[in-house]
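**Student:** start05.pdb is the file, holding PDB, C-alpha atoms and all ligand atoms:
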```pdb
ATOM      1  CA  MET W   1     -99.475  21.238  70.207  1.00  0.00           C
ATOM      2  CA  HIS W   2    -101.470  21.386  67.047  1.00  0.00           C
ATOM      3  CA  MET W   3     -99.793  20.382  63.809  1.00  0.00           C
ATOM      4  CA  HIS W   4    -101.211  20.815  60.391  1.00  0.00           C
ATOM      5  CA  LYS W   5    -101.778  17.613  58.438  1.00  0.00           C
ATOM      6  CA  PHE W   6     -99.276  18.659  55.761  1.00  0.00           C
ATOM      7  CA  GLU W   7     -96.651  19.369  58.422  1.00  0.00           C
ATOM      8  CA  LYS W   8     -97.095  15.845  59.765  1.00  0.00           C
ATOM      9  CA  ILE W   9     -96.786  14.361  56.271  1.00  0.00           C
ATOM     10  CA  TRP W  10     -93.679  16.419  55.607  1.00  0.00           C
ATOM     11  CA  LEU W  11     -92.151  15.445  58.961  1.00  0.00           C
ATOM     12  CA  ALA W  12     -92.877  11.770  58.284  1.00  0.00           C
ATOM     13  CA  PHE W  13     -91.339  12.094  54.835  1.00  0.00           C
ATOM     14  CA  GLY W  14     -88.228  13.742  56.305  1.00  0.00           C
ATOM     15  CA  ILE W  15     -87.752  11.100  58.980  1.00  0.00           C
ATOM     16  CA  GLY W  16     -88.492   8.348  56.443  1.00  0.00           C
ATOM     17  CA  ALA W  17     -85.891   9.719  54.030  1.00  0.00           C
ATOM     18  CA  LEU W  18     -83.327   9.871  56.834  1.00  0.00           C
ATOM     19  CA  VAL W  19     -84.027   6.258  57.816  1.00  0.00           C
ATOM     20  CA  VAL W  20     -83.746   5.109  54.176  1.00  0.00           C
ATOM     21  CA  PHE W  21     -80.474   7.016  53.840  1.00  0.00           C
ATOM     22  CA  LEU W  22     -78.953   5.551  57.019  1.00  0.00           C
ATOM     23  CA  VAL W  23     -80.080   2.016  56.174  1.00  0.00           C
ATOM     24  CA  THR W  24     -78.622   2.330  52.657  1.00  0.00           C
ATOM     25  CA  ILE W  25     -75.294   3.603  54.018  1.00  0.00           C
ATOM     26  CA  GLY W  26     -75.280   0.944  56.731  1.00  0.00           C
ATOM     27  CA  VAL W  27     -75.972  -1.945  54.358  1.00  0.00           C
ATOM     28  CA  SER W  28     -73.420  -0.614  51.882  1.00  0.00           C
ATOM     29  CA  ALA W  29     -70.691  -0.209  54.515  1.00  0.00           C
ATOM     30  CA  PHE W  30     -71.249  -3.143  56.869  1.00  0.00           C
ATOM     31  CA  TYR W  31     -72.916  -5.751  54.660  1.00  0.00           C
ATOM     32  CA  LEU W  32     -71.431  -5.037  51.221  1.00  0.00           C
ATOM     33  CA  GLY W  33     -68.139  -3.797  52.662  1.00  0.00           C
ATOM     34  CA  ASN W  34     -67.906  -0.642  50.530  1.00  0.00           C
ATOM     35  CA  LYS W  35     -65.298   1.914  51.530  1.00  0.00           C
ATOM     36  CA  PRO W  36     -64.305   5.277  50.132  1.00  0.00           C
ATOM     37  CA  PRO W  37     -61.291   5.012  47.807  1.00  0.00           C
ATOM     38  CA  SER W  38     -58.339   5.998  49.898  1.00  0.00           C
ATOM     39  CA  CYS W  39     -54.634   6.429  49.542  1.00  0.00           C
ATOM     40  CA  LEU W  40     -53.418   3.631  51.720  1.00  0.00           C
ATOM     41  CA  THR W  41     -49.949   3.380  50.247  1.00  0.00           C
ATOM     42  CA  THR W  42     -47.577   5.621  52.133  1.00  0.00           C
ATOM     43  CA  ILE W  43     -44.009   6.576  51.391  1.00  0.00           C
ATOM     44  CA  ASN W  44     -41.293   8.585  53.095  1.00  0.00           C
ATOM     45  CA  PRO W  45     -41.279  11.750  50.969  1.00  0.00           C
ATOM     46  CA  GLU W  46     -37.601  12.336  51.744  1.00  0.00           C
ATOM     47  CA  LYS W  47     -36.650   8.913  50.383  1.00  0.00           C
ATOM     48  CA  VAL W  48     -38.794   8.810  47.228  1.00  0.00           C
ATOM     49  CA  ASN W  49     -35.796   8.373  44.951  1.00  0.00           C
ATOM     50  CA  GLN W  50     -34.575   5.373  46.965  1.00  0.00           C
ATOM     51  CA  THR W  51     -38.014   3.740  47.205  1.00  0.00           C
ATOM     52  CA  LYS W  52     -39.334   1.289  44.637  1.00  0.00           C
ATOM     53  CA  PRO W  53     -40.845   1.775  42.084  1.00  0.00           C
ATOM     54  CA  PHE W  54     -39.777   5.428  42.144  1.00  0.00           C
ATOM     55  CA  THR W  55     -36.134   4.483  41.744  1.00  0.00           C
ATOM     56  CA  GLU W  56     -36.950   4.096  38.052  1.00  0.00           C
ATOM     57  CA  PRO W  57     -39.565   6.565  36.822  1.00  0.00           C
ATOM     58  CA  GLY W  58     -41.025   5.761  33.415  1.00  0.00           C
ATOM     59  CA  LEU W  59     -42.903   2.994  31.662  1.00  0.00           C
ATOM     60  CA  HIS W  60     -42.296  -0.610  32.675  1.00  0.00           C
ATOM     61  CA  LYS W  61     -43.814  -3.778  31.241  1.00  0.00           C
ATOM     62  CA  VAL W  62     -45.175  -6.016  33.993  1.00  0.00           C
ATOM     63  CA  GLU W  63     -46.252  -9.654  34.057  1.00  0.00           C
ATOM     64  CA  GLY W  64     -48.957 -11.355  36.066  1.00  0.00           C
ATOM     65  CA  LYS W  65     -50.865  -8.236  37.033  1.00  0.00           C
ATOM     66  CA  GLU W  66     -54.234  -6.853  36.002  1.00  0.00           C
ATOM     67  CA  TRP W  67     -52.430  -4.273  33.862  1.00  0.00           C
ATOM     68  CA  ASP W  68     -49.763  -4.532  31.136  1.00  0.00           C
ATOM     69  CA  TYR W  69     -47.591  -1.595  32.086  1.00  0.00           C
ATOM     70  CA  GLU W  70     -46.717   0.483  35.093  1.00  0.00           C
ATOM     71  CA  LEU W  71     -46.111   4.138  34.432  1.00  0.00           C
ATOM     72  CA  VAL W  72     -44.186   5.644  37.310  1.00  0.00           C
ATOM     73  CA  TYR W  73     -43.989   9.388  37.933  1.00  0.00           C
ATOM     74  CA  VAL W  74     -42.157  11.471  40.465  1.00  0.00           C
ATOM     75  CA  ALA W  75     -43.423  15.023  40.770  1.00  0.00           C
ATOM     76  CA  SER W  76     -41.422  17.811  42.330  1.00  0.00           C
ATOM     77  CA  ALA W  77     -41.382  21.576  42.056  1.00  0.00           C
ATOM     78  CA  PHE W  78     -41.629  22.212  39.140  1.00  0.00           C
ATOM     79  CA  SER W  79     -41.472  19.155  36.924  1.00  0.00           C
ATOM     80  CA  PHE W  80     -42.634  15.617  36.355  1.00  0.00           C
ATOM     81  CA  ASN W  81     -40.167  12.797  35.878  1.00  0.00           C
ATOM     82  CA  PRO W  82     -40.323  11.430  33.155  1.00  0.00           C
ATOM     83  CA  VAL W  83     -40.887  14.474  30.966  1.00  0.00           C
ATOM     84  CA  GLN W  84     -42.136  12.412  28.055  1.00  0.00           C
ATOM     85  CA  VAL W  85     -43.131   8.812  27.603  1.00  0.00           C
ATOM     86  CA  LYS W  86     -44.367   6.566  24.790  1.00  0.00           C
ATOM     87  CA  VAL W  87     -47.227   4.166  25.537  1.00  0.00           C
ATOM     88  CA  PRO W  88     -48.340   1.438  23.101  1.00  0.00           C
ATOM     89  CA  LEU W  89     -51.891   1.904  21.834  1.00  0.00           C
ATOM     90  CA  GLY W  90     -54.513  -0.199  23.618  1.00  0.00           C
ATOM     91  CA  SER W  91     -52.394  -1.072  26.612  1.00  0.00           C
ATOM     92  CA  LYS W  92     -53.757  -1.144  30.119  1.00  0.00           C
ATOM     93  CA  VAL W  93     -51.590   1.103  32.235  1.00  0.00           C
ATOM     94  CA  ARG W  94     -51.289   1.539  35.978  1.00  0.00           C
ATOM     95  CA  VAL W  95     -50.174   5.083  36.676  1.00  0.00           C
ATOM     96  CA  ILE W  96     -48.245   5.278  39.954  1.00  0.00           C
ATOM     97  CA  ALA W  97     -47.186   8.704  41.155  1.00  0.00           C
ATOM     98  CA  THR W  98     -45.963  10.583  44.154  1.00  0.00           C
ATOM     99  CA  THR W  99     -44.342  13.872  45.074  1.00  0.00           C
ATOM    100  CA  THR W 100     -41.071  14.666  46.809  1.00  0.00           C
ATOM    101  CA  ASP W 101     -42.082  18.054  48.156  1.00  0.00           C
ATOM    102  CA  VAL W 102     -45.451  19.807  48.116  1.00  0.00           C
ATOM    103  CA  VAL W 103     -48.917  18.879  46.854  1.00  0.00           C
ATOM    104  CA  HIS W 104     -49.062  18.642  43.082  1.00  0.00           C
ATOM    105  CA  GLY W 105     -51.845  17.773  40.680  1.00  0.00           C
ATOM    106  CA  PHE W 106     -51.685  15.086  38.030  1.00  0.00           C
ATOM    107  CA  GLU W 107     -54.229  15.562  35.306  1.00  0.00           C
ATOM    108  CA  VAL W 108     -53.970  13.876  31.954  1.00  0.00           C
ATOM    109  CA  ALA W 109     -55.933  16.189  29.685  1.00  0.00           C
ATOM    110  CA  GLY W 110     -58.578  14.421  27.622  1.00  0.00           C
ATOM    111  CA  THR W 111     -58.700  11.330  29.866  1.00  0.00           C
ATOM    112  CA  ASN W 112     -60.321  10.521  33.186  1.00  0.00           C
ATOM    113  CA  ILE W 113     -56.999  10.588  35.046  1.00  0.00           C
ATOM    114  CA  ASN W 114     -56.981  13.365  37.595  1.00  0.00           C
ATOM    115  CA  MET W 115     -55.128  12.731  40.819  1.00  0.00           C
ATOM    116  CA  MET W 116     -53.773  14.750  43.677  1.00  0.00           C
ATOM    117  CA  LEU W 117     -50.202  13.923  44.635  1.00  0.00           C
ATOM    118  CA  GLU W 118     -49.603  14.425  48.320  1.00  0.00           C
ATOM    119  CA  PRO W 119     -46.259  14.161  50.109  1.00  0.00           C
ATOM    120  CA  GLY W 120     -46.103  10.836  51.925  1.00  0.00           C
ATOM    121  CA  TYR W 121     -48.701   9.112  49.762  1.00  0.00           C
ATOM    122  CA  VAL W 122     -48.685   7.135  46.540  1.00  0.00           C
ATOM    123  CA  SER W 123     -51.487   7.860  44.076  1.00  0.00           C
ATOM    124  CA  GLU W 124     -52.481   5.171  41.598  1.00  0.00           C
ATOM    125  CA  TYR W 125     -54.911   4.886  38.735  1.00  0.00           C
ATOM    126  CA  THR W 126     -55.473   2.273  36.047  1.00  0.00           C
ATOM    127  CA  THR W 127     -56.549   3.227  32.571  1.00  0.00           C
ATOM    128  CA  THR W 128     -56.465   1.948  29.002  1.00  0.00           C
ATOM    129  CA  PHE W 129     -55.108   4.210  26.305  1.00  0.00           C
ATOM    130  CA  ASP W 130     -57.241   3.302  23.302  1.00  0.00           C
ATOM    131  CA  LYS W 131     -56.810   6.480  21.293  1.00  0.00           C
ATOM    132  CA  ALA W 132     -53.501   7.320  19.658  1.00  0.00           C
ATOM    133  CA  GLY W 133     -52.089  10.785  20.060  1.00  0.00           C
ATOM    134  CA  GLU W 134     -50.420  13.137  22.463  1.00  0.00           C
ATOM    135  CA  TYR W 135     -51.719  13.641  25.954  1.00  0.00           C
ATOM    136  CA  LEU W 136     -50.634  16.552  28.067  1.00  0.00           C
ATOM    137  CA  ILE W 137     -50.111  16.029  31.776  1.00  0.00           C
ATOM    138  CA  VAL W 138     -50.561  19.152  33.836  1.00  0.00           C
ATOM    139  CA  CYS W 139     -50.254  20.032  37.477  1.00  0.00           C
ATOM    140  CA  ASN W 140     -53.600  21.408  38.559  1.00  0.00           C
ATOM    141  CA  GLU W 141     -52.775  22.205  42.169  1.00  0.00           C
ATOM    142  CA  TYR W 142     -51.066  25.524  42.740  1.00  0.00           C
ATOM    143  CA  CYS W 143     -47.620  24.548  43.999  1.00  0.00           C
ATOM    144  CA  GLY W 144     -45.518  27.677  43.725  1.00  0.00           C
ATOM    145  CA  ALA W 145     -43.945  30.172  41.373  1.00  0.00           C
ATOM    146  CA  GLY W 146     -43.242  27.591  38.662  1.00  0.00           C
ATOM    147  CA  HIS W 147     -46.628  25.878  38.834  1.00  0.00           C
ATOM    148  CA  HIS W 148     -47.565  26.827  35.262  1.00  0.00           C
ATOM    149  CA  LEU W 149     -44.328  25.271  33.966  1.00  0.00           C
ATOM    150  CA  MET W 150     -45.145  21.824  35.322  1.00  0.00           C
ATOM    151  CA  SER W 151     -46.106  19.517  32.525  1.00  0.00           C
ATOM    152  CA  SER W 152     -45.276  16.220  30.919  1.00  0.00           C
ATOM    153  CA  LYS W 153     -46.419  14.320  27.859  1.00  0.00           C
ATOM    154  CA  ILE W 154     -47.740  10.869  27.081  1.00  0.00           C
ATOM    155  CA  GLU W 155     -47.512   9.787  23.478  1.00  0.00           C
ATOM    156  CA  VAL W 156     -49.814   6.905  22.620  1.00  0.00           C
ATOM    157  CA  VAL W 157     -48.360   5.131  19.598  1.00  0.00           C
ATOM    158  CA  LYS W 158     -49.263   2.109  17.488  1.00  0.00           C
TER     159      LYS W 158
HETATM  160 CU1  LIG L 201     -47.042  21.318  40.712  1.00  0.00          CU
HETATM  161 CU2  LIG L 201     -48.669  23.046  40.391  1.00  0.00          CU
END
```
Before we go any further, please render this structure as structure tokens.
Ligand code: CUA
**Tutor:**
Amino acid sequence: MHMHKFEKIWLAFGIGALVVFLVTIGVSAFYLGNKPPSCLTTINPEKVNQTKPFTEPGLHKVEGKEWDYELVYVASAFSFNPVQVKVPLGSKVRVIATTTDVVHGFEVAGTNINMMLEPGYVSEYTTTFDKAGEYLIVCNEYCGAGHHLMSSKIEVVK
């Protein structure tokens, strides 16, 4: 079979790129131990209200952790609990959220918090609120007739 020189170069480039890709992935996964971020914390969606920390939704000061506060949310059709919360300016906050029924979204407009809340899983994200003001939390996963009514507010205060 005759192959044009350019075809051979292109084939070699393609195979080379594949090898580089696989080696990079392999080194990253097996040598550096990188894994995709995953929701490893599970919860019984029928017992959310009896499971810590969801027994007390809202902002809680914590000691001895990487963050200053834990901000706990329970989402259900069609609201977030708590509806409104005040966060001190500059504090490092761990947002911990779950849902009691269907899939909901959890997007804090104007920040990089954007999580999917799935029944049976706990979604977490750490962020620092270093700009005062009001932040709107919206559900960005269509969850039913009242989807557009689902919102909550974070007030970052001095
Ligand atoms: Cu909850 Cu859309």
**Student:** Counting only C-alpha atoms and all ligand atoms, what are the residues, protein, DNA or RNA alike, that approach ligand LIG 201 (chain L) to within 6 Å? I want them as a CSV table (one decimal) with C-alpha atoms, in the coordinates of the input.
**Tutor:**
```csv
chain,number,residue,atom,x,y,z
W,77,ALA,CA,-41.4,21.6,42.1
W,78,PHE,CA,-41.6,22.2,39.1
W,104,HIS,CA,-49.1,18.6,43.1
W,105,GLY,CA,-51.8,17.8,40.7
W,139,CYS,CA,-50.3,20.0,37.5
W,140,ASN,CA,-53.6,21.4,38.6
W,141,GLU,CA,-52.8,22.2,42.2
W,142,TYR,CA,-51.1,25.5,42.7
W,143,CYS,CA,-47.6,24.5,44.0
W,147,HIS,CA,-46.6,25.9,38.8
W,150,MET,CA,-45.1,21.8,35.3
```
**Student:** Hey, can you check how far atom CA of Val156 of chain W sits from atom CA of Gly133 of chain W?
**Tutor:**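 If I compute the distance from atom CA of Val156 of chain W to atom CA of Gly133 of chain W, I get 5.2 Å.
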**Student:** Here's the selection I'm unsure about, the PyMOL selection byres (((chain W and resi 85-89) around 6) and not hetatm); applied to the file above, which residues does it give, as a list of chain:residue names?
**Tutor:**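 Written out, the selection comes to W:Gln84, W:Gly90, W:Ser91, W:Phe129, W:Asp130, W:Ile154, W:Glu155, W:Val156, W:Val157, W:Lys158.
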**Student:** So which one's closest to Thr51 of chain W, W:Tyr125, W:Lys153, W:Gly120, W:Ile113? Using all atoms listed in the file, please.
**Tutor:**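 Distance minimum relative to Thr51 of chain W lands on W:Gly120.
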**Student:** When you look at Ser79 of chain W with a cut-off of 12 Å (counting only C-alpha atoms), what residues show up, excluding the ones that are within fewer than 3 positions of it in the same chain? I need them as a PDB file with C-alpha atoms, in the frame of the given file.
**Tutor:**
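part_8.pdb, written as the output of this step:
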```pdb
ATOM      1  CA  TYR W  73     -43.989   9.388  37.933  1.00  0.00           C
ATOM      2  CA  VAL W  74     -42.157  11.471  40.465  1.00  0.00           C
ATOM      3  CA  ALA W  75     -43.423  15.023  40.770  1.00  0.00           C
ATOM      4  CA  SER W  76     -41.422  17.811  42.330  1.00  0.00           C
ATOM      5  CA  PRO W  82     -40.323  11.430  33.155  1.00  0.00           C
ATOM      6  CA  VAL W  83     -40.887  14.474  30.966  1.00  0.00           C
ATOM      7  CA  GLN W  84     -42.136  12.412  28.055  1.00  0.00           C
ATOM      8  CA  THR W  99     -44.342  13.872  45.074  1.00  0.00           C
ATOM      9  CA  THR W 100     -41.071  14.666  46.809  1.00  0.00           C
ATOM     10  CA  ASP W 101     -42.082  18.054  48.156  1.00  0.00           C
ATOM     11  CA  VAL W 102     -45.451  19.807  48.116  1.00  0.00           C
ATOM     12  CA  HIS W 104     -49.062  18.642  43.082  1.00  0.00           C
ATOM     13  CA  GLY W 105     -51.845  17.773  40.680  1.00  0.00           C
ATOM     14  CA  PHE W 106     -51.685  15.086  38.030  1.00  0.00           C
ATOM     15  CA  ILE W 137     -50.111  16.029  31.776  1.00  0.00           C
ATOM     16  CA  VAL W 138     -50.561  19.152  33.836  1.00  0.00           C
ATOM     17  CA  CYS W 139     -50.254  20.032  37.477  1.00  0.00           C
ATOM     18  CA  CYS W 143     -47.620  24.548  43.999  1.00  0.00           C
ATOM     19  CA  GLY W 144     -45.518  27.677  43.725  1.00  0.00           C
ATOM     20  CA  GLY W 146     -43.242  27.591  38.662  1.00  0.00           C
ATOM     21  CA  HIS W 147     -46.628  25.878  38.834  1.00  0.00           C
ATOM     22  CA  HIS W 148     -47.565  26.827  35.262  1.00  0.00           C
ATOM     23  CA  LEU W 149     -44.328  25.271  33.966  1.00  0.00           C
ATOM     24  CA  MET W 150     -45.145  21.824  35.322  1.00  0.00           C
ATOM     25  CA  SER W 151     -46.106  19.517  32.525  1.00  0.00           C
ATOM     26  CA  SER W 152     -45.276  16.220  30.919  1.00  0.00           C
ATOM     27  CA  LYS W 153     -46.419  14.320  27.859  1.00  0.00           C
TER      28      LYS W 153
END
```
**Student:** What does the distance from atom CA of Ile96 of chain W to atom CA of Gln50 of chain W come to in Å, to one decimal?
**Tutor:**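 Interatomic distance here is 15.4 Å.
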**Student:** So how many Å separate atom CA of Thr55 of chain W and atom CA of Ala97 of chain W, to one decimal?
**Tutor:** 11.8 Å
**Student:** Can you list what the PyMOL selection byres (((chain W and resi 111) around 10) and not hetatm) grabs from this structure, as a list in words?
**Tutor:**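 Applying the expression gives Glu107, Val108, Ala109, Gly110, Asn112, Ile113, Asn114, Thr127, Thr128, Phe129, Tyr135, Leu136 and Ile137 of chain W.
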**Student:** The PyMOL selection byres (((chain W and resi 94) around 10) and not hetatm) on the file shown: which residues, as an MDAnalysis selection string?
**Tutor:** chainID W and resid 59:60 62 65:72 91:93 95:97 124:128
**Student:** Restrict the output to segment 64-137 of chain W and C-alpha atoms, then write it as a PDB file, in the first residue's frame.
**Tutor:**
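Saved as result-v9.pdb:
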```pdb
ATOM      1  CA  GLY W  64     -10.818  24.018  63.922  1.00  0.00           C
ATOM      2  CA  LYS W  65     -11.751  23.693  60.272  1.00  0.00           C
ATOM      3  CA  GLU W  66     -10.360  25.238  57.110  1.00  0.00           C
ATOM      4  CA  TRP W  67     -13.398  27.528  56.988  1.00  0.00           C
ATOM      5  CA  ASP W  68     -14.987  29.912  59.520  1.00  0.00           C
ATOM      6  CA  TYR W  69     -18.635  29.170  58.893  1.00  0.00           C
ATOM      7  CA  GLU W  70     -20.826  26.413  57.583  1.00  0.00           C
ATOM      8  CA  LEU W  71     -23.845  27.516  55.625  1.00  0.00           C
ATOM      9  CA  VAL W  72     -26.356  24.700  55.475  1.00  0.00           C
ATOM     10  CA  TYR W  73     -29.194  24.592  52.950  1.00  0.00           C
ATOM     11  CA  VAL W  74     -32.043  22.207  52.396  1.00  0.00           C
ATOM     12  CA  ALA W  75     -33.713  22.531  49.018  1.00  0.00           C
ATOM     13  CA  SER W  76     -37.154  21.185  48.268  1.00  0.00           C
ATOM     14  CA  ALA W  77     -39.869  21.980  45.768  1.00  0.00           C
ATOM     15  CA  PHE W  78     -40.062  24.965  45.652  1.00  0.00           C
ATOM     16  CA  SER W  79     -37.912  26.704  48.228  1.00  0.00           C
ATOM     17  CA  PHE W  80     -34.551  26.885  49.919  1.00  0.00           C
ATOM     18  CA  ASN W  81     -34.236  26.713  53.680  1.00  0.00           C
ATOM     19  CA  PRO W  82     -33.064  29.219  54.964  1.00  0.00           C
ATOM     20  CA  VAL W  83     -34.781  31.858  52.853  1.00  0.00           C
ATOM     21  CA  GLN W  84     -32.343  34.562  53.869  1.00  0.00           C
ATOM     22  CA  VAL W  85     -29.057  34.601  55.701  1.00  0.00           C
ATOM     23  CA  LYS W  86     -26.498  37.181  56.836  1.00  0.00           C
ATOM     24  CA  VAL W  87     -22.809  36.394  56.320  1.00  0.00           C
ATOM     25  CA  PRO W  88     -20.003  38.521  57.808  1.00  0.00           C
ATOM     26  CA  LEU W  89     -17.821  40.189  55.183  1.00  0.00           C
ATOM     27  CA  GLY W  90     -14.543  38.399  54.458  1.00  0.00           C
ATOM     28  CA  SER W  91     -15.489  35.115  56.052  1.00  0.00           C
ATOM     29  CA  LYS W  92     -14.597  31.787  54.540  1.00  0.00           C
ATOM     30  CA  VAL W  93     -17.783  29.801  54.184  1.00  0.00           C
ATOM     31  CA  ARG W  94     -18.422  26.145  53.465  1.00  0.00           C
ATOM     32  CA  VAL W  95     -21.760  25.843  51.716  1.00  0.00           C
ATOM     33  CA  ILE W  96     -23.347  22.449  52.397  1.00  0.00           C
ATOM     34  CA  ALA W  97     -26.576  21.641  50.602  1.00  0.00           C
ATOM     35  CA  THR W  98     -28.868  18.828  49.678  1.00  0.00           C
ATOM     36  CA  THR W  99     -32.383  18.222  48.425  1.00  0.00           C
ATOM     37  CA  THR W 100     -35.287  16.297  49.910  1.00  0.00           C
ATOM     38  CA  ASP W 101     -37.050  15.546  46.648  1.00  0.00           C
ATOM     39  CA  VAL W 102     -35.955  16.168  43.064  1.00  0.00           C
ATOM     40  CA  VAL W 103     -32.834  17.627  41.452  1.00  0.00           C
ATOM     41  CA  HIS W 104     -32.445  21.324  42.149  1.00  0.00           C
ATOM     42  CA  GLY W 105     -29.807  23.846  41.175  1.00  0.00           C
ATOM     43  CA  PHE W 106     -27.911  26.063  43.575  1.00  0.00           C
ATOM     44  CA  GLU W 107     -26.393  29.067  41.904  1.00  0.00           C
ATOM     45  CA  VAL W 108     -25.262  32.108  43.808  1.00  0.00           C
ATOM     46  CA  ALA W 109     -25.478  34.862  41.218  1.00  0.00           C
ATOM     47  CA  GLY W 110     -22.302  36.911  40.898  1.00  0.00           C
ATOM     48  CA  THR W 111     -20.074  34.279  42.545  1.00  0.00           C
ATOM     49  CA  ASN W 112     -18.469  31.057  41.386  1.00  0.00           C
ATOM     50  CA  ILE W 113     -20.892  28.902  43.383  1.00  0.00           C
ATOM     51  CA  ASN W 114     -22.972  26.779  41.065  1.00  0.00           C
ATOM     52  CA  MET W 115     -23.911  23.329  42.268  1.00  0.00           C
ATOM     53  CA  MET W 116     -26.391  20.662  41.366  1.00  0.00           C
ATOM     54  CA  LEU W 117     -28.319  19.246  44.304  1.00  0.00           C
ATOM     55  CA  GLU W 118     -29.212  15.626  43.763  1.00  0.00           C
ATOM     56  CA  PRO W 119     -31.410  13.493  46.013  1.00  0.00           C
ATOM     57  CA  GLY W 120     -29.195  11.223  48.090  1.00  0.00           C
ATOM     58  CA  TYR W 121     -26.081  13.371  47.791  1.00  0.00           C
ATOM     59  CA  VAL W 122     -24.576  16.266  49.700  1.00  0.00           C
ATOM     60  CA  SER W 123     -23.064  19.074  47.632  1.00  0.00           C
ATOM     61  CA  GLU W 124     -20.368  21.237  49.185  1.00  0.00           C
ATOM     62  CA  TYR W 125     -18.380  24.260  48.140  1.00  0.00           C
ATOM     63  CA  THR W 126     -16.032  26.598  49.982  1.00  0.00           C
ATOM     64  CA  THR W 127     -15.856  30.263  49.155  1.00  0.00           C
ATOM     65  CA  THR W 128     -14.888  33.591  50.693  1.00  0.00           C
ATOM     66  CA  PHE W 129     -17.369  36.429  50.566  1.00  0.00           C
ATOM     67  CA  ASP W 130     -15.138  39.473  50.181  1.00  0.00           C
ATOM     68  CA  LYS W 131     -17.651  41.855  48.654  1.00  0.00           C
ATOM     69  CA  ALA W 132     -20.508  43.253  50.706  1.00  0.00           C
ATOM     70  CA  GLY W 133     -23.986  43.203  49.270  1.00  0.00           C
ATOM     71  CA  GLU W 134     -26.911  40.998  48.440  1.00  0.00           C
ATOM     72  CA  TYR W 135     -26.475  37.760  46.583  1.00  0.00           C
ATOM     73  CA  LEU W 136     -29.382  35.979  45.005  1.00  0.00           C
ATOM     74  CA  ILE W 137     -29.488  32.199  45.106  1.00  0.00           C
TER      75      ILE W 137
END
```
